[in-house]
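Inspection log for the structure reproduced underneath, given as structure tokens.
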Amino acid sequence: MKQRTTNQPALRLLPLVIAGAILMPATGRAEGDSRRGKREFLRCATCHAAESAEHRNGPSLATVYGRAAGTVEGFGRYSDALKRAGVVWTEEALDTWLRDPKALVPGNAMVMPGIADARVRLDLIAYLRELSTRNRTTEGSTR
């Protein structure tokens, strides 16, 4: 009796697909969750407001995403180090800052030691990006 063989090309390609996935570098970053980020922002809210022109010990973060560091109107207590840093608050800059503010801008006045959890940082960044977009849209519509 002759044994039947099944032609399963997908199974034969499986080792190649797995090898490719392992050897191929990641091409994108994971996205944060802005709802979780809003909850995480509560730890920032002791020093920073999410409302435009409301400053606390630190500046309002209402339009921080995409803005040059040290430039929020009405906040005059930026450190010289931050004003001269030449940093624009992109996802990468915010991630580095939130992980270790002193590493990104030595001599800055931020007292937060940093957030080690990458997921928390991504969520906060997603919230700050959404908050900034919403506030810029609102500000533009009232002019």
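Order determines the names: the first chain of the structure tokens is A, the second B, and so forth; residues in each chain are numbered 1 upward, and ligands are numbered 1 upward as they are shown.
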
Can you pull out the residues contacting region 73-77 of chain A? Cut-off 9 Å, using only C-alpha atoms, and skip same-chain residues under 5 positions away; I want them as a PyMOL selection string. chain A and resi 53-60+109

Show me, as an NGL selection string, the residues that have an atom within 9 Å of Thr90 (chain A) when counting only C-alpha atoms, minus same-chain residues fewer than 5 positions from it. :A and (65-67 or 95 or 125 or 129)

When you look at Phe41 (chain A) with a cut-off of 12 Å (counting only C-alpha atoms), what residues show up, excluding the ones that are within fewer than 2 positions of it in the same chain? I need them as a list of chain:residue names.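 The filter keeps A:Ser34, A:Arg35, A:Arg36, A:Gly37, A:Lys38, A:Arg39, A:Arg43, A:Cys44, A:Ala45, A:Thr46, A:Cys47, A:His48, A:Ala49, A:Ala50, A:Leu61, A:Ala62, A:Leu98, A:Ile115, A:Val120, A:Arg121, A:Leu122, A:Asp123, A:Leu124, A:Ile125, A:Ala126, A:Tyr127, A:Leu128, A:Leu131.
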
From the list A:Trp89, A:Ala116, A:Thr63, A:Trp97, the nearest residue to Thr133 (chain A) using only C-alpha atoms is A:Thr63

Using Å and a single decimal, report how far CA of Asp80 (chain A) sits from CA of Leu42 (chain A).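 Rounded to one decimal, the two atoms are 26.9 Å apart.
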
Please report, as an MDAnalysis selection string, each residue of region 14-133 of chain A to which DSSP assigns strand (DSSP E or B) when run on this structure's backbone. chainID A and resid 48 55 68 88

Output all heavy atoms for every residue in the selection just made, as a PDB file, in the first residue's frame.
ATOM      1  N   HIS A  48       2.583  69.959  37.334  1.00  0.00           N
ATOM      2  CA  HIS A  48       2.243  70.413  35.982  1.00  0.00           C
ATOM      3  C   HIS A  48       0.741  70.343  35.746  1.00  0.00           C
ATOM      4  O   HIS A  48       0.094  69.374  36.145  1.00  0.00           O
ATOM      5  CB  HIS A  48       2.924  69.531  34.923  1.00  0.00           C
ATOM      6  CG  HIS A  48       4.404  69.560  34.978  1.00  0.00           C
ATOM      7  ND1 HIS A  48       5.148  70.581  34.439  1.00  0.00           N
ATOM      8  CD2 HIS A  48       5.292  68.675  35.505  1.00  0.00           C
ATOM      9  CE1 HIS A  48       6.434  70.329  34.636  1.00  0.00           C
ATOM     10  NE2 HIS A  48       6.553  69.184  35.280  1.00  0.00           N
ATOM     11  N   HIS A  55       0.045  77.381  35.238  1.00  0.00           N
ATOM     12  CA  HIS A  55       1.356  76.899  35.650  1.00  0.00           C
ATOM     13  C   HIS A  55       1.356  76.612  37.139  1.00  0.00           C
ATOM     14  O   HIS A  55       0.683  77.285  37.909  1.00  0.00           O
ATOM     15  CB  HIS A  55       2.437  77.928  35.309  1.00  0.00           C
ATOM     16  CG  HIS A  55       2.427  78.318  33.869  1.00  0.00           C
ATOM     17  ND1 HIS A  55       2.688  77.424  32.861  1.00  0.00           N
ATOM     18  CD2 HIS A  55       2.148  79.499  33.265  1.00  0.00           C
ATOM     19  CE1 HIS A  55       2.595  78.040  31.689  1.00  0.00           C
ATOM     20  NE2 HIS A  55       2.255  79.307  31.907  1.00  0.00           N
ATOM     21  N   ALA A  68       9.469  73.490  21.554  1.00  0.00           N
ATOM     22  CA  ALA A  68      10.858  73.603  22.011  1.00  0.00           C
ATOM     23  C   ALA A  68      10.859  73.707  23.530  1.00  0.00           C
ATOM     24  O   ALA A  68      10.017  74.396  24.121  1.00  0.00           O
ATOM     25  CB  ALA A  68      11.527  74.826  21.390  1.00  0.00           C
ATOM     26  N   VAL A  88      13.541  69.682  21.302  1.00  0.00           N
ATOM     27  CA  VAL A  88      12.140  69.773  20.905  1.00  0.00           C
ATOM     28  C   VAL A  88      11.478  68.514  21.451  1.00  0.00           C
ATOM     29  O   VAL A  88      12.018  67.411  21.311  1.00  0.00           O
ATOM     30  CB  VAL A  88      11.981  69.861  19.368  1.00  0.00           C
ATOM     31  CG1 VAL A  88      10.518  69.796  18.970  1.00  0.00           C
ATOM     32  CG2 VAL A  88      12.625  71.135  18.854  1.00  0.00           C
TER      33      VAL A  88
END

With distances taken over only C-alpha atoms, which residue among A:Ser52, A:Thr71, A:Lys83, A:Asp117 lies nearest Val105 (chain A)?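 Checking each of A:Ser52, A:Thr71, A:Lys83, A:Asp117 against Val105 (chain A), counting only C-alpha atoms, the winner is A:Lys83.
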
Distance in Å - CA of Val72 (chain A) versus CA of Thr96 (chain A): 19.9 Å

Please provide the set of residues having any atom within 7 Å of Asp100 (chain A), restricted to only C-alpha atoms, with same-chain residues fewer than 4 positions apart removed, written as a PyMOL selection string. chain A and resi 96+104+113-114

Could you write those residues out with N, CA, C and O atoms, as a PDB file, in the first residue's frame?
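After the write, result16.pdb holds the following:
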ATOM      1  N   THR A  96      13.290  59.924  26.549  1.00  0.00           N
ATOM      2  CA  THR A  96      14.577  60.071  27.229  1.00  0.00           C
ATOM      3  C   THR A  96      14.414  60.916  28.491  1.00  0.00           C
ATOM      4  O   THR A  96      14.949  60.574  29.549  1.00  0.00           O
ATOM      5  N   LEU A 104      19.242  63.777  29.934  1.00  0.00           N
ATOM      6  CA  LEU A 104      18.963  64.521  28.707  1.00  0.00           C
ATOM      7  C   LEU A 104      19.464  65.954  28.807  1.00  0.00           C
ATOM      8  O   LEU A 104      20.079  66.464  27.884  1.00  0.00           O
ATOM      9  N   PRO A 113      12.899  61.791  39.575  1.00  0.00           N
ATOM     10  CA  PRO A 113      14.051  60.938  39.286  1.00  0.00           C
ATOM     11  C   PRO A 113      13.968  60.190  37.968  1.00  0.00           C
ATOM     12  O   PRO A 113      14.967  59.727  37.451  1.00  0.00           O
ATOM     13  N   GLY A 114      12.788  60.043  37.411  1.00  0.00           N
ATOM     14  CA  GLY A 114      12.618  59.314  36.159  1.00  0.00           C
ATOM     15  C   GLY A 114      11.654  58.162  36.313  1.00  0.00           C
ATOM     16  O   GLY A 114      11.341  57.738  37.424  1.00  0.00           O
TER      17      GLY A 114
END

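In this structure, CA of Gly32 (chain A) sits 7.0 Å away from CA of Arg119 (chain A).
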